[in-house]
Structure formats: C-alpha cells, structure tokens
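Peer 1: Supplied structure: input_32.pdb, PDB, C-alpha atoms, pLDDT in the B column.
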MODEL        1
ATOM      1  CA  ALA Q   1     101.557 121.643 125.363  1.00 69.00           C
ATOM      2  CA  LEU Q   2     104.484 122.661 123.158  1.00 70.00           C
ATOM      3  CA  TYR Q   3     103.484 120.115 120.517  1.00 75.00           C
ATOM      4  CA  ASP Q   4      99.865 121.287 120.620  1.00 81.00           C
ATOM      5  CA  GLY Q   5     101.135 124.845 120.242  1.00 83.00           C
ATOM      6  CA  GLU Q   6     103.091 123.903 117.116  1.00 79.00           C
ATOM      7  CA  ILE Q   7      99.969 122.357 115.585  1.00 84.00           C
ATOM      8  CA  ARG Q   8      97.968 125.504 116.334  1.00 89.00           C
ATOM      9  CA  ARG Q   9     100.734 127.654 114.864  1.00 88.00           C
ATOM     10  CA  LEU Q  10     100.730 125.582 111.655  1.00 86.00           C
ATOM     11  CA  ASP Q  11      96.945 125.921 111.425  1.00 88.00           C
ATOM     12  CA  GLN Q  12      97.110 129.685 111.747  1.00 89.00           C
ATOM     13  CA  LEU Q  13     100.244 130.488 109.744  1.00 88.00           C
ATOM     14  CA  PHE Q  14      99.911 127.981 106.933  1.00 89.00           C
ATOM     15  CA  PHE Q  15      96.528 126.338 106.443  1.00 89.00           C
ATOM     16  CA  LYS Q  16      94.465 129.418 107.215  1.00 91.00           C
ATOM     17  CA  ARG Q  17      96.544 131.477 104.778  1.00 92.00           C
ATOM     18  CA  LEU Q  18      96.407 128.696 102.184  1.00 91.00           C
ATOM     19  CA  ARG Q  19      92.624 128.605 102.267  1.00 89.00           C
ATOM     20  CA  GLU Q  20      92.354 132.393 102.150  1.00 92.00           C
ATOM     21  CA  THR Q  21      94.732 132.481  99.164  1.00 93.00           C
ATOM     22  CA  LEU Q  22      92.753 129.829  97.297  1.00 92.00           C
ATOM     23  CA  GLN Q  23      89.551 131.766  97.928  1.00 92.00           C
ATOM     24  CA  ALA Q  24      91.123 135.036  96.793  1.00 94.00           C
ATOM     25  CA  LEU Q  25      92.305 133.388  93.557  1.00 94.00           C
ATOM     26  CA  ALA Q  26      88.938 131.676  93.016  1.00 93.00           C
ATOM     27  CA  LEU Q  27      90.672 128.296  93.174  1.00 91.00           C
ATOM     28  CA  ASP Q  28      88.947 126.993  96.281  1.00 87.00           C
ATOM     29  CA  ARG Q  29      86.383 124.976  94.263  1.00 87.00           C
ATOM     30  CA  ASN Q  30      88.760 123.198  91.877  1.00 87.00           C
ATOM     31  CA  THR Q  31      91.880 122.543  93.952  1.00 89.00           C
ATOM     32  CA  LEU Q  32      92.744 119.282  95.641  1.00 91.00           C
ATOM     33  CA  VAL Q  33      94.730 119.755  98.850  1.00 91.00           C
ATOM     34  CA  ILE Q  34      96.454 116.778 100.466  1.00 92.00           C
ATOM     35  CA  VAL Q  35      98.085 117.044 103.879  1.00 90.00           C
ATOM     36  CA  SER Q  36     100.334 114.275 105.150  1.00 90.00           C
ATOM     37  CA  ALA Q  37     103.724 113.677 106.767  1.00 86.00           C
ATOM     38  CA  ASP Q  38     106.766 111.453 106.462  1.00 82.00           C
ATOM     39  CA  HIS Q  39     106.714 110.161 110.053  1.00 81.00           C
ATOM     40  CA  GLY Q  40     105.097 110.513 113.446  1.00 79.00           C
ATOM     41  CA  GLU Q  41     106.716 111.717 116.636  1.00 78.00           C
ATOM     42  CA  GLU Q  42     107.677 110.105 119.919  1.00 77.00           C
ATOM     43  CA  LEU Q  43     106.757 112.184 122.970  1.00 77.00           C
ATOM     44  CA  ALA Q  44     108.653 110.351 125.732  1.00 70.00           C
ATOM     45  CA  GLU Q  45     106.529 107.186 125.478  1.00 75.00           C
ATOM     46  CA  ARG Q  46     109.811 105.243 125.658  1.00 75.00           C
ATOM     47  CA  GLY Q  47     112.113 107.876 127.092  1.00 71.00           C
ATOM     48  CA  LEU Q  48     112.849 109.779 123.888  1.00 71.00           C
ATOM     49  CA  VAL Q  49     111.352 112.794 122.152  1.00 72.00           C
ATOM     50  CA  GLY Q  50     111.574 113.023 118.379  1.00 71.00           C
ATOM     51  CA  HIS Q  51     111.822 110.427 115.614  1.00 73.00           C
ATOM     52  CA  VAL Q  52     114.360 108.112 114.099  1.00 63.00           C
ATOM     53  CA  SER Q  53     116.435 110.830 112.426  1.00 61.00           C
ATOM     54  CA  THR Q  54     116.997 112.635 115.726  1.00 60.00           C
ATOM     55  CA  TYR Q  55     118.566 109.722 117.604  1.00 65.00           C
ATOM     56  CA  ARG Q  56     120.688 106.683 116.903  1.00 68.00           C
ATOM     57  CA  GLU Q  57     118.074 103.987 117.326  1.00 73.00           C
ATOM     58  CA  GLY Q  58     115.819 102.667 114.606  1.00 77.00           C
ATOM     59  CA  ARG Q  59     112.216 102.340 115.742  1.00 83.00           C
ATOM     60  CA  LEU Q  60     108.957 101.341 114.097  1.00 89.00           C
ATOM     61  CA  TYR Q  61     106.497 101.785 116.939  1.00 89.00           C
ATOM     62  CA  ASP Q  62     103.049 103.133 116.083  1.00 91.00           C
ATOM     63  CA  GLU Q  63     103.787 106.615 117.430  1.00 88.00           C
ATOM     64  CA  VAL Q  64     106.472 106.937 114.732  1.00 86.00           C
ATOM     65  CA  ILE Q  65     104.751 105.214 111.802  1.00 87.00           C
ATOM     66  CA  ARG Q  66     101.235 106.665 112.131  1.00 89.00           C
ATOM     67  CA  ILE Q  67     100.832 109.896 110.172  1.00 88.00           C
ATOM     68  CA  PRO Q  68      98.006 112.266 109.225  1.00 88.00           C
ATOM     69  CA  LEU Q  69      96.387 112.003 105.807  1.00 92.00           C
ATOM     70  CA  LEU Q  70      93.801 114.684 105.017  1.00 91.00           C
ATOM     71  CA  LEU Q  71      92.175 115.273 101.628  1.00 92.00           C
ATOM     72  CA  TRP Q  72      90.164 118.412 100.825  1.00 91.00           C
ATOM     73  CA  PHE Q  73      88.413 118.688  97.473  1.00 91.00           C
ATOM     74  CA  PRO Q  74      85.114 120.625  97.657  1.00 88.00           C
ATOM     75  CA  GLY Q  75      82.346 119.194  95.519  1.00 86.00           C
ATOM     76  CA  VAL Q  76      84.239 115.971  94.887  1.00 89.00           C
ATOM     77  CA  ILE Q  77      85.216 114.549  98.287  1.00 89.00           C
ATOM     78  CA  LYS Q  78      82.417 114.660 100.833  1.00 88.00           C
ATOM     79  CA  LYS Q  79      83.452 116.450 104.029  1.00 86.00           C
ATOM     80  CA  GLY Q  80      83.499 114.640 107.335  1.00 88.00           C
ATOM     81  CA  VAL Q  81      84.484 111.234 105.971  1.00 88.00           C
ATOM     82  CA  VAL Q  82      86.754 109.338 108.394  1.00 90.00           C
ATOM     83  CA  ILE Q  83      88.552 106.183 107.274  1.00 89.00           C
ATOM     84  CA  ASP Q  84      89.650 103.645 109.871  1.00 88.00           C
ATOM     85  CA  ASP Q  85      91.195 101.131 107.470  1.00 91.00           C
ATOM     86  CA  LEU Q  86      94.947 100.720 107.252  1.00 91.00           C
ATOM     87  CA  VAL Q  87      96.249 102.847 104.382  1.00 92.00           C
ATOM     88  CA  GLN Q  88      99.727 103.951 103.308  1.00 91.00           C
ATOM     89  CA  ASN Q  89     101.350 107.003 101.789  1.00 90.00           C
ATOM     90  CA  ILE Q  90     101.958 104.966  98.619  1.00 92.00           C
ATOM     91  CA  ASP Q  91      98.163 105.155  98.164  1.00 94.00           C
ATOM     92  CA  ILE Q  92      98.261 108.931  97.644  1.00 94.00           C
ATOM     93  CA  VAL Q  93      99.415 108.981  94.015  1.00 94.00           C
ATOM     94  CA  PRO Q  94      96.927 106.298  92.854  1.00 94.00           C
ATOM     95  CA  THR Q  95      94.186 108.320  94.582  1.00 94.00           C
ATOM     96  CA  VAL Q  96      95.201 111.507  92.761  1.00 93.00           C
ATOM     97  CA  LEU Q  97      95.301 109.671  89.428  1.00 93.00           C
ATOM     98  CA  ASP Q  98      91.845 108.274  90.139  1.00 92.00           C
ATOM     99  CA  LEU Q  99      90.490 111.746  90.921  1.00 90.00           C
ATOM    100  CA  LEU Q 100      92.024 113.094  87.710  1.00 87.00           C
ATOM    101  CA  ASP Q 101      90.664 110.144  85.715  1.00 87.00           C
ATOM    102  CA  LEU Q 102      94.166 109.103  84.661  1.00 89.00           C
ATOM    103  CA  ARG Q 103      95.363 105.540  84.235  1.00 86.00           C
ATOM    104  CA  LYS Q 104      97.495 104.069  87.014  1.00 84.00           C
ATOM    105  CA  PRO Q 105     100.719 102.469  85.705  1.00 86.00           C
ATOM    106  CA  VAL Q 106     100.940  98.762  86.472  1.00 81.00           C
ATOM    107  CA  ALA Q 107     104.293  99.148  88.254  1.00 80.00           C
ATOM    108  CA  LEU Q 108     103.041 101.933  90.522  1.00 85.00           C
ATOM    109  CA  PRO Q 109     102.541 100.622  94.088  1.00 87.00           C
ATOM    110  CA  GLY Q 110      99.538 101.435  96.234  1.00 90.00           C
ATOM    111  CA  GLN Q 111      95.847 101.653  95.455  1.00 92.00           C
ATOM    112  CA  SER Q 112      93.307 104.438  95.181  1.00 93.00           C
ATOM    113  CA  LEU Q 113      91.527 105.421  98.387  1.00 93.00           C
ATOM    114  CA  MET Q 114      88.381 106.411  96.494  1.00 92.00           C
ATOM    115  CA  PRO Q 115      86.575 103.113  97.196  1.00 93.00           C
ATOM    116  CA  LEU Q 116      86.916 103.943 100.897  1.00 92.00           C
ATOM    117  CA  ILE Q 117      86.076 107.612 100.470  1.00 91.00           C
ATOM    118  CA  ASP Q 118      82.938 107.270  98.372  1.00 88.00           C
ATOM    119  CA  GLY Q 119      81.952 103.729  99.326  1.00 85.00           C
ATOM    120  CA  ARG Q 120      82.013 102.417  95.757  1.00 83.00           C
ATOM    121  CA  GLY Q 121      83.491  99.062  96.782  1.00 82.00           C
ATOM    122  CA  GLY Q 122      86.577  97.315  95.487  1.00 84.00           C
ATOM    123  CA  TRP Q 123      89.001  98.194  98.305  1.00 89.00           C
ATOM    124  CA  ARG Q 124      91.515  95.423  98.995  1.00 90.00           C
ATOM    125  CA  GLN Q 125      92.746  95.400 102.569  1.00 90.00           C
ATOM    126  CA  ARG Q 126      96.387  94.436 102.900  1.00 91.00           C
ATOM    127  CA  PRO Q 127      99.190  94.637 105.466  1.00 94.00           C
ATOM    128  CA  VAL Q 128     101.355  97.734 105.860  1.00 93.00           C
ATOM    129  CA  PHE Q 129     105.094  97.237 105.353  1.00 94.00           C
ATOM    130  CA  LEU Q 130     107.736  99.467 106.924  1.00 91.00           C
ATOM    131  CA  GLU Q 131     111.483  99.940 106.845  1.00 89.00           C
ATOM    132  CA  THR Q 132     114.013 102.259 108.468  1.00 85.00           C
ATOM    133  CA  SER Q 133     117.575 102.342 109.725  1.00 83.00           C
ATOM    134  CA  ALA Q 134     119.296 103.585 112.820  1.00 79.00           C
ATOM    135  CA  GLY Q 135     119.746 107.327 112.452  1.00 76.00           C
ATOM    136  CA  GLY Q 136     117.229 107.667 109.623  1.00 71.00           C
ATOM    137  CA  TYR Q 137     118.342 109.914 106.757  1.00 73.00           C
ATOM    138  CA  THR Q 138     121.209 111.226 108.933  1.00 77.00           C
ATOM    139  CA  ALA Q 139     122.694 107.722 109.298  1.00 77.00           C
ATOM    140  CA  ASN Q 140     126.373 107.043 108.749  1.00 80.00           C
ATOM    141  CA  GLN Q 141     127.504 103.798 107.107  1.00 80.00           C
ATOM    142  CA  GLU Q 142     127.535 101.809 110.334  1.00 80.00           C
ATOM    143  CA  GLN Q 143     124.091 103.013 111.350  1.00 78.00           C
ATOM    144  CA  TYR Q 144     122.654 102.342 107.910  1.00 77.00           C
ATOM    145  CA  LYS Q 145     123.652  98.705 108.210  1.00 79.00           C
ATOM    146  CA  ARG Q 146     121.278  98.397 111.173  1.00 82.00           C
ATOM    147  CA  ARG Q 147     118.054  97.949 109.194  1.00 85.00           C
ATOM    148  CA  TYR Q 148     114.632  97.452 110.717  1.00 89.00           C
ATOM    149  CA  ARG Q 149     111.605  96.143 108.841  1.00 93.00           C
ATOM    150  CA  ALA Q 150     108.068  95.502 109.997  1.00 95.00           C
ATOM    151  CA  VAL Q 151     104.709  94.290 108.786  1.00 96.00           C
ATOM    152  CA  ARG Q 152     101.539  95.546 110.471  1.00 96.00           C
ATOM    153  CA  THR Q 153      97.964  94.291 110.242  1.00 95.00           C
ATOM    154  CA  GLU Q 154      94.913  95.417 112.188  1.00 94.00           C
ATOM    155  CA  ARG Q 155      95.868  93.141 115.072  1.00 96.00           C
ATOM    156  CA  TRP Q 156      99.527  92.201 114.711  1.00 97.00           C
ATOM    157  CA  LYS Q 157     102.894  93.843 114.172  1.00 97.00           C
ATOM    158  CA  LEU Q 158     106.056  91.859 113.480  1.00 97.00           C
ATOM    159  CA  VAL Q 159     109.336  93.798 113.711  1.00 96.00           C
ATOM    160  CA  HIS Q 160     112.543  92.416 112.219  1.00 95.00           C
ATOM    161  CA  SER Q 161     115.947  93.691 113.367  1.00 92.00           C
ATOM    162  CA  VAL Q 162     117.792  92.684 110.200  1.00 89.00           C
ATOM    163  CA  SER Q 163     121.408  92.884 111.364  1.00 85.00           C
ATOM    164  CA  GLU Q 164     120.667  91.057 114.625  1.00 87.00           C
ATOM    165  CA  GLU Q 165     118.265  88.655 112.847  1.00 91.00           C
ATOM    166  CA  GLU Q 166     115.777  89.087 115.704  1.00 93.00           C
ATOM    167  CA  PHE Q 167     111.992  89.291 115.566  1.00 96.00           C
ATOM    168  CA  ALA Q 168     109.449  90.810 117.939  1.00 96.00           C
ATOM    169  CA  LEU Q 169     105.687  90.278 117.729  1.00 98.00           C
ATOM    170  CA  TYR Q 170     103.109  92.621 119.253  1.00 98.00           C
ATOM    171  CA  ASP Q 171      99.403  91.899 119.718  1.00 98.00           C
ATOM    172  CA  LEU Q 172      97.936  95.356 119.131  1.00 96.00           C
ATOM    173  CA  ALA Q 173      94.468  94.243 120.233  1.00 96.00           C
ATOM    174  CA  THR Q 174      95.626  93.604 123.797  1.00 97.00           C
ATOM    175  CA  ASP Q 175      98.856  95.628 123.797  1.00 97.00           C
ATOM    176  CA  PRO Q 176      98.319  98.801 121.712  1.00 94.00           C
ATOM    177  CA  HIS Q 177     101.430 100.456 123.179  1.00 93.00           C
ATOM    178  CA  GLU Q 178     103.684  97.578 122.072  1.00 95.00           C
ATOM    179  CA  MET Q 179     105.193  96.816 125.445  1.00 94.00           C
ATOM    180  CA  GLU Q 180     105.240  92.993 125.393  1.00 96.00           C
ATOM    181  CA  ASP Q 181     106.896  90.775 122.803  1.00 97.00           C
ATOM    182  CA  VAL Q 182     104.697  87.682 122.329  1.00 97.00           C
ATOM    183  CA  GLU Q 183     106.711  86.027 119.560  1.00 96.00           C
ATOM    184  CA  SER Q 184     107.116  82.753 121.485  1.00 96.00           C
ATOM    185  CA  GLU Q 185     103.367  82.499 122.159  1.00 97.00           C
ATOM    186  CA  PHE Q 186     102.179  82.731 118.541  1.00 97.00           C
ATOM    187  CA  PRO Q 187     104.659  80.841 116.317  1.00 96.00           C
ATOM    188  CA  ALA Q 188     102.130  80.386 113.494  1.00 97.00           C
ATOM    189  CA  VAL Q 189     101.433  84.125 113.349  1.00 97.00           C
ATOM    190  CA  VAL Q 190     105.157  84.858 113.339  1.00 97.00           C
ATOM    191  CA  ASP Q 191     105.758  82.376 110.529  1.00 97.00           C
ATOM    192  CA  SER Q 192     102.981  83.851 108.365  1.00 97.00           C
ATOM    193  CA  LEU Q 193     104.001  87.487 108.911  1.00 97.00           C
ATOM    194  CA  ARG Q 194     107.694  86.700 108.458  1.00 96.00           C
ATOM    195  CA  THR Q 195     106.956  85.073 105.093  1.00 96.00           C
ATOM    196  CA  GLN Q 196     104.970  88.126 103.989  1.00 96.00           C
ATOM    197  CA  LEU Q 197     107.703  90.483 105.192  1.00 95.00           C
ATOM    198  CA  HIS Q 198     110.470  88.618 103.364  1.00 93.00           C
ATOM    199  CA  ARG Q 199     108.349  88.449 100.214  1.00 93.00           C
ATOM    200  CA  TRP Q 200     107.728  92.218 100.355  1.00 92.00           C
ATOM    201  CA  SER Q 201     111.402  92.960 101.034  1.00 89.00           C
ATOM    202  CA  PHE Q 202     112.452  90.972  97.975  1.00 86.00           C
ATOM    203  CA  ALA Q 203     109.724  92.425  95.737  1.00 83.00           C
ATOM    204  CA  SER Q 204     110.357  96.035  96.798  1.00 77.00           C
ATOM    205  CA  GLN Q 205     113.912  96.182  95.507  1.00 71.00           C
ATOM    206  CA  PRO Q 206     114.396  99.080  93.032  1.00 63.00           C
ATOM    207  CA  GLN Q 207     113.099  98.272  89.566  1.00 59.00           C
ATOM    208  CA  GLN Q 208     113.462  99.980  86.203  1.00 55.00           C
ATOM    209  CA  VAL Q 209     110.192 101.395  84.842  1.00 52.00           C
ATOM    210  CA  GLY Q 210     110.077 101.468  81.047  1.00 53.00           C
ATOM    211  CA  ALA Q 211     109.458 104.667  79.087  1.00 50.00           C
ATOM    212  CA  ARG Q 212     106.249 103.255  77.608  1.00 50.00           C
ATOM    213  CA  GLU Q 213     104.928 102.517  81.122  1.00 48.00           C
ATOM    214  CA  ALA Q 214     105.789 105.996  82.366  1.00 48.00           C
ATOM    215  CA  ALA Q 215     104.325 107.658  79.304  1.00 47.00           C
ATOM    216  CA  GLY Q 216     101.000 105.991  79.963  1.00 49.00           C
ATOM    217  CA  VAL Q 217     100.432 108.239  82.959  1.00 47.00           C
ATOM    218  CA  GLY Q 218     100.006 111.365  80.877  1.00 46.00           C
ATOM    219  CA  GLU Q 219     102.347 114.157  79.880  1.00 42.00           C
ATOM    220  CA  GLY Q 220     103.399 116.365  82.764  1.00 42.00           C
ATOM    221  CA  VAL Q 221     101.791 114.245  85.465  1.00 42.00           C
ATOM    222  CA  LEU Q 222     104.914 112.396  86.587  1.00 39.00           C
ATOM    223  CA  SER Q 223     106.564 115.666  87.544  1.00 39.00           C
ATOM    224  CA  SER Q 224     103.574 116.426  89.768  1.00 38.00           C
ATOM    225  CA  PHE Q 225     103.556 113.216  91.763  1.00 38.00           C
ATOM    226  CA  PHE Q 226     105.165 114.702  94.824  1.00 37.00           C
ATOM    227  CA  LEU Q 227     103.299 117.986  94.877  1.00 38.00           C
ATOM    228  CA  LEU Q 228     100.745 118.347  97.650  1.00 39.00           C
ATOM    229  CA  LEU Q 229      98.632 120.883  95.800  1.00 42.00           C
ATOM    230  CA  PHE Q 230      96.833 120.176  92.540  1.00 40.00           C
ATOM    231  CA  ASP Q 231      94.801 122.653  90.517  1.00 41.00           C
ATOM    232  CA  VAL Q 232      92.207 120.557  88.710  1.00 43.00           C
ATOM    233  CA  PRO Q 233      90.536 122.313  85.767  1.00 41.00           C
ATOM    234  CA  GLY Q 234      86.892 121.643  85.129  1.00 44.00           C
ATOM    235  CA  GLN Q 235      85.896 120.604  88.657  1.00 43.00           C
ATOM    236  CA  SER Q 236      83.324 122.697  90.506  1.00 36.00           C
TER
ENDMDL
END
Can you give me the file's structure in the form of structure tokens?
Peer 2:
Amino acid sequence: ALYDGEIRRLDQLFFKRLRETLQALALDRNTLVIVSADHGEELAERGLVGHVSTYREGRLYDEVIRIPLLLWFPGVIKKGVVIDDLVQNIDIVPTVLDLLDLRKPVALPGQSLMPLIDGRGGWRQRPVFLETSAGGYTANQEQYKRRYRAVRTERWKLVHSVSEEEFALYDLATDPHEMEDVESEFPAVVDSLRTQLHRWSFASQPQQVGAREAAGVGEGVLSSFFLLLFDVPGQS
C-alpha cells in the first residue's frame, strides 16, 4: 500500500504537472517524454525491501532488473502500444536518434525500439546482459570486488557470482520467481549462456570513441543523451 501510494503521489505531483506545463507552453504536440528507471524494487519477496544499493548483497532477480519504460510522443508514437519483447535501457538513445532522424554511431550500443513500436520490421531479438556489485553505488572496495553478472533470455537466466566463480540457472518458464537453481539439469544451456556472458563481459570493457565518430551524431545531441525530455521542432 505504501508503494502504491508513492506511485500515486508521483503521478499527481510530477506527471500531472508536467503535462499541464507542456500544454500551457504549447509544447504538448512536439515534445517526446520518456519515463524509465535505473532499477526495480524488492518488496520482501526474499526477505528484503529495497534494491542493491540499500543492502550488502548483490542481486539480479527480476524484481530488481525489470524497470518501466514509457514513451509519449503525440502524433508520432501511437498510444496504447504495449511491447512484450525483451528490451534494455541502452535502447533508449538509439530510439531517440531514430525519432530525430539522426545517424546512430557505430560504437553506440543498443538498437532503436521503433521497429517494435510501429511494426516496421527489422527488430533483432537478443539476450539482456546485467551486472552489479554488492552494495551497488554505495559499495566499499571489498563489496565492489563481489561482482555479479547475468544473461537473461525469454526463458532462461544464468547468474554468475564472479568472485565465488559460481553459476545459477533459472528456468523462467516454469519458475518465474527464480526459486530453484537447475544448473545441473541443463548443462548445454549453461554452457551456451556462459559463453555469451563471457563474450559480452569482454566486449563491454570501456572503449575510446573517436572524435569523428562522436561528431557524426550531430552538434549538441551528445549533451542531450541523458535528458528525459526532448523538445522536437517541426513535429505536430
């Protein structure tokens, strides 16, 4: 009830006022609004309330990794569209670039959600990769060494406790709450997902993006990548 109350409070005190402000400024027909989050929230499913930054354990269960992603763009994005495919927050920037008709840099991860939104075709389904540490962003040095990585598909999730070098496999089709580790029962699945996870971990190490690559995005756009509100001239 308290969590539901917080959602209602956010609706009333933020989103209602945001929409009223956009209408008052005559920006409600050419503004893209994106609502998302950085993590989900545990509500005592496993004895804790909160998320990884509020306790010492590192966890990658679905209640922590699943987040909202809402896009509102009148006249461009059709209302009422619900997407069930696995998507990631790294898909947000490519989607914005697509909506603004700007070129996506080759080194930029993620893919535009527009093929899913407008049904144009061309969406490439792929696994979701995840990483955290004990303590989250509040971690001390010892906690930060306890890394956790995971790869999730529609059916499977493989979780790797890096420091302990332990793996756990969950069959989300039969065990959506991730209560039973079935690693020993599906060695071929574990081997495939582990290979993909290691490949992603190696490939996702920080890389230097050249000035020419960055410049290809368009002047002033890079500084807007992490804004959740875009005023888009010329759209109606």
Peer 1: To one decimal place, how far is atom CA of Q:Arg147 from atom CA of Q:Gly47 in Å?
Peer 2: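 So the answer is 21.3 Å.
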Peer 1: Quick one: everything within 10 Å of stretch 187-195 of chain Q, counting only C-alpha atoms, minus sequence neighbours fewer than 5 positions away in the same chain. Send it as an MDAnalysis selection string.
Peer 2: chainID Q and resid 127 150:153 156:160 167:170 182 200:201
Peer 1: In Å, with one decimal, what is the gap from atom CA of Q:Gly110 to atom CA of Q:Gln88?
Peer 2: 7.5 Å
Peer 1: For Q:Trp123, please output as a PyMOL selection string all residues within 9 Å (counting all atoms listed in the file; exclusion window: fewer than 5 positions along the same chain).
Peer 2: chain Q and resi 111-116
Peer 1: With C-alpha atoms kept, could you save the residues just selected as a PDB file, in the frame of the given file?
Peer 2:
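Okay, selection.pdb is ready:
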ATOM      1  CA  GLN Q 111      95.847 101.653  95.455  1.00 92.00           C
ATOM      2  CA  SER Q 112      93.307 104.438  95.181  1.00 93.00           C
ATOM      3  CA  LEU Q 113      91.527 105.421  98.387  1.00 93.00           C
ATOM      4  CA  MET Q 114      88.381 106.411  96.494  1.00 92.00           C
ATOM      5  CA  PRO Q 115      86.575 103.113  97.196  1.00 93.00           C
ATOM      6  CA  LEU Q 116      86.916 103.943 100.897  1.00 92.00           C
TER       7      LEU Q 116
END
Peer 1: I'd like to know which of Q:Val162, Q:Met179, Q:Val87, Q:Val81 is closest to Q:Lys145, using all atoms listed in the file.
Peer 2: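 Checking each candidate against Q:Lys145, we get Q:Val162 as the closest.
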Peer 1: Could you spell out the hits of the PyMOL selection byres ((chain Q and resi 76) around 12) on the shown file, as a PyMOL selection string?
Peer 2: chain Q and resi 29-33+71-75+77-79+98-100+114+117-118+232+234-236
Peer 1: I need the residue nearest Q:Ser161 from this list: Q:Asn140, Q:Arg59, Q:Ala24, Q:Val96. Use only C-alpha atoms for the distance.
Peer 2: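 Under the stated criterion, the closest residue is Q:Arg59.
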Peer 1: Grab the atom CA of Q:Phe14 to atom CA of Q:Leu2 distance for me, in Å with one decimal place.
Peer 2: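 Atom-to-atom, atom CA of Q:Phe14 and atom CA of Q:Leu2 are spaced 17.7 Å apart.
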Peer 1: Would you mind telling me which residue in Q:Arg155, Q:Asp101, Q:Tyr148, Q:Phe186 lies nearest to Q:Leu172 when using all atoms listed in the file?
Peer 2: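 Among the listed residues, the smallest separation from Q:Leu172 belongs to Q:Arg155.
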Peer 1: Tell me, as number ranges by chain, which residues lie within 6 Å of Q:Gly40, counting all atoms listed in the file; anything in the same chain fewer than 4 positions away does not count.
Peer 2: Q: 63-67
Peer 1: Which is closer to Q:Ile90 than all the others in Q:Glu164, Q:Val128, Q:Val35, Q:Tyr3, using all atoms listed in the file?
Peer 2: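 Selected residue with least distance to Q:Ile90: Q:Val128.
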Peer 1: Would you kindly translate the PyMOL selection byres ((chain Q and resi 135-137) around 12) into the concrete residues it picks from this file, as a list in words?
Peer 2: Asp38, His39, Gly50, His51, Val52, Ser53, Thr54, Tyr55, Arg56, Glu57, Gly58, Arg59, Leu60, Val64, Glu131, Thr132, Ser133, Ala134, Thr138, Ala139, Asn140, Gln141, Glu142, Gln143, Tyr144, Lys145, Arg146, Arg147 and Tyr148 of chain Q
Peer 1: For the structure provided, state which residues fall under the PyMOL selection byres ((chain Q and resi 109) around 9), and present them as a list in words.
Peer 2: Ile90, Asp91, Val93, Pro94, Pro105, Val106, Ala107, Leu108, Gly110 and Gln111 of chain Q
Peer 1: Residues around (102.2, 104.1, 119.9), cut-off 7 Å, counting all atoms listed in the file - what are they as a VMD selection string?
Peer 2: chain Q and resid 61 to 63 176 to 177
Peer 1: Which residue gives the smallest distance to Q:Leu86 among Q:Asp171, Q:Glu20, Q:Glu154, Q:Glu183, with all atoms listed in the file counted?
Peer 2: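 Checking each of Q:Asp171, Q:Glu20, Q:Glu154, Q:Glu183 against Q:Leu86, counting all atoms listed in the file, the winner is Q:Glu154.
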Peer 1: Hey, which of Q:Ile7, Q:Ser36, Q:Phe129, Q:Arg120 ends up closest to Q:Arg199? Count all atoms listed in the file.
Peer 2: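 Closest residue, counting all atoms listed in the file: Q:Phe129.
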